[in-house]
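Novice: Submitted below is the structure of interest, expressed as structure tokens.
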Amino acid sequence: MVSIDVRNACVDFPIFDAKTRSLKKAVLGKVGGKIGTEARVPIIEALQDISLSLRDGDRVALIGHNGAGKSTLLRLLSGIYEPTRGTSEIHGKIAPVFDLAVGMDPEISGLENILIRGLFLGMTRKQMQDRVEDISQFTELGDYLHLPLRTYSTGMRVRLALGVVTSIDPEILLLDEGIGAVDAAFMAKARDRLVDLVRRSGMLVFASHSDELLFELCNTAIWMDEGRIKMHGDLREVLTAYKGRDPLEGMSPETLERLGEK
Ligand SMILES: Nc1ncnc2c1ncn2[C@@H]1O[C@H](COP(=O)(O)OP(=O)(O)OP(=O)(O)O)[C@@H](O)[C@H]1O
């Protein structure tokens, strides 16, 4: 069974090379997790007292200001970070997609990178070999696929990475935004594959600042604030509370029609 159970989890980052005295003023800043200065070294309390249970079919949006703890929570859910206090129990095959560049080697060709990146995301060599043709076509990179990745532009790299990421079959998909570096026409094409990917995966947790993408992919939301869960519930309700207005009101009729929210 695919499941995530987190109980009273905290994640602290001790900062060994910071000057505590000057940091005391910084606690007043609005953005970021709380900075504790009582200990011998300053400690950033990135996540505090997080409890949540997610099950198959859950599609959760992670929202909140810069530094609120969204990326740290995704890393906790992926097992990259262990909780400093509390527990997290995760069952299922996880595909963490935080940084599209991770798992890519600049010295080998695009085609070889497709294989390597797929293995990194938990696929078998055979599964990836069956998908290479489809991914290659999707990227529209043509002969570039035979050249080393270092010869690619940023957008070309994102095309390749998105092609691979949207071809996998994860049980738990953890997605961090950062997929904006492609042109609009390509993004529209990637969006369809992304929607398909999410339908195939058992569970999704998606950190993003794009209301449109969130409505397209998620049904519930967690609002993170200073390392804590401030609200967890229906996507539209949580986004409305976070923004102080209904997010659907500002959207064009075409977008609303696509989202099925006329
Ligand atoms: N490796 C680290 N070392 C020290 N502090 C960290 C580290 N990673 C994150 N933090 C701190 O943890 C807090 C939460 O950061 P996190 O990256 O999770 O926020 P976020 O909600 O993803 O922000 P954004 O929307 O800007 O990406 C911040 O105060 C940040 O300074």
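Each chain in the structure tokens gets a letter, A, B, ..., in the order shown, and its residues are numbered from 1; ligands are numbered from 1 in order too.
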I'd like a table as CSV: residues in chain A with an atom no more than 6 Å from ligand 1, each row giving the shortest atom pair and its distance in Å to one decimal, only C-alpha atoms and all ligand atoms counted, sorted by chain and rising residue number.

Specialist:
residue,atom,partner,partner_atom_place_in_ligand_line,distance
A:Phe13,CA,ligand 1,4 (C),5.0
A:Gly32,CA,ligand 1,29 (O),3.5
A:Gly33,CA,ligand 1,29 (O),3.6
A:Ile44,CA,ligand 1,5 (N),5.8
A:Ala46,CA,ligand 1,12 (O),4.0
A:His65,CA,ligand 1,25 (O),5.6
A:Asn66,CA,ligand 1,26 (O),3.3
A:Gly67,CA,ligand 1,19 (O),3.2
A:Ala68,CA,ligand 1,21 (O),3.8
A:Gly69,CA,ligand 1,18 (O),3.2
A:Lys70,CA,ligand 1,21 (O),3.7
A:Ser71,CA,ligand 1,22 (O),3.7
A:Thr72,CA,ligand 1,18 (O),3.7

Novice: Can you pull out every residue within 7 Å of Pro96 (chain A), counting only C-alpha atoms, but drop anything in the same chain fewer than 4 positions away, and send it as JSON, numbers by chain?

Specialist: {"A": [78, 173, 174, 175]}

Novice: Just the residues within 10 Å of Leu162 (chain A), please, counting only C-alpha atoms, with nothing from its chain fewer than 6 positions along; format it as a PyMOL selection string.

Specialist: chain A and resi 97+100+135+138-139+156+179+182+187+190-191+193-194

Novice: Taking into account only C-alpha atoms, which residue in the set A:Asp169, A:Asp99, A:Asp12, A:Asp211 is nearest to Ile63 (chain A)?

Specialist: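 Ranking A:Asp169, A:Asp99, A:Asp12, A:Asp211 by distance to Ile63 (chain A), first place goes to A:Asp211.
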
Novice: Output as a PyMOL selection string all residues of region 92-234 of chain A that backbone DSSP marks as helix (DSSP H, G or I).

Specialist: chain A and resi 110-120+125-139+142-146+149-151+154-165+184-200+211-217

Novice: For Arg59 (chain A), work out the shell of residues within 7 Å, counting only C-alpha atoms and skipping chain neighbours fewer than 6 positions away, then give it as a PyMOL selection string.

Specialist: chain A and resi 203-205+218-220

Novice: Please write the residues from the selection above to a file, keeping C-alpha atoms, as an mmCIF file, in the first residue's frame.

Specialist:
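Heads up, here's the output in again-v6.cif:
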data_model
loop_
_atom_site.group_PDB
_atom_site.id
_atom_site.type_symbol
_atom_site.label_atom_id
_atom_site.label_comp_id
_atom_site.auth_asym_id
_atom_site.auth_seq_id
_atom_site.Cartn_x
_atom_site.Cartn_y
_atom_site.Cartn_z
ATOM 1 C CA MET A 203 0.180 9.997 -4.899
ATOM 2 C CA LEU A 204 1.396 13.508 -5.700
ATOM 3 C CA VAL A 205 2.860 16.260 -3.522
ATOM 4 C CA CYS A 218 -4.042 18.813 -7.236
ATOM 5 C CA ASN A 219 -7.246 18.522 -5.193
ATOM 6 C CA THR A 220 -6.074 19.353 -1.665
#

Novice: Region 212-214 of chain A: which residues within 12 Å, counting only C-alpha atoms, same-chain residues fewer than 2 positions away excluded, as a VMD selection string?

Specialist: chain A and resid 59 to 63 175 to 177 179 to 180 187 to 188 190 to 192 194 to 195 198 204 to 210 216 to 222 234 to 236 238 to 239 247 to 252 254 to 261

Novice: Output as a PyMOL selection string all residues of region 5-107 of chain A that backbone DSSP marks as strand (DSSP E or B).

Specialist: chain A and resi 5-14+34-36+43-55+59-63+85-91+94-97

Novice: Quick one, how far is CA of Tyr152 (chain A) from CA of Val102 (chain A)?

Specialist: 15.4 Å

Novice: Mind pulling up the distance from CA of Met231 (chain A) to CA of Asp246 (chain A)?

Specialist: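 Interatomic distance, CA of Asp246 (chain A) to CA of Met231 (chain A): 15.8 Å.
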
Novice: Of the residues A:Asp56, A:Asp143, A:Glu226, A:Glu237, which is the one nearest to Ser109 (chain A), using only C-alpha atoms?

Specialist: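 Of all the options, A:Asp143 lies closest to Ser109 (chain A).
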
Novice: Find the distance between CA of Met224 (chain A) and CA of Gly202 (chain A) and write it in Å to one decimal.

Specialist: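 Calculated distance between CA of Met224 (chain A) and CA of Gly202 (chain A) is 22.9 Å.
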
Novice: I'd like to know which of A:Tyr242, A:Phe98, A:Asp130, A:Thr166 is closest to Asp225 (chain A), using only C-alpha atoms.

Specialist: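 Going through A:Tyr242, A:Phe98, A:Asp130, A:Thr166 one by one, the smallest distance to Asp225 (chain A) is for A:Tyr242.
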
Novice: Quick one: of A:Gly86, A:Gly233, A:Gly118, A:Pro253, who's nearest to Gln48 (chain A), counting only C-alpha atoms?

Specialist: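 Among the listed residues, A:Gly86 lies closest to Gln48 (chain A).
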
Novice: Please determine, counting only C-alpha atoms, which residue among A:Glu171, A:Asp105, A:Asp134, A:Asp5 has the shortest atom-to-atom distance to Ile50 (chain A).

Specialist: A:Asp5
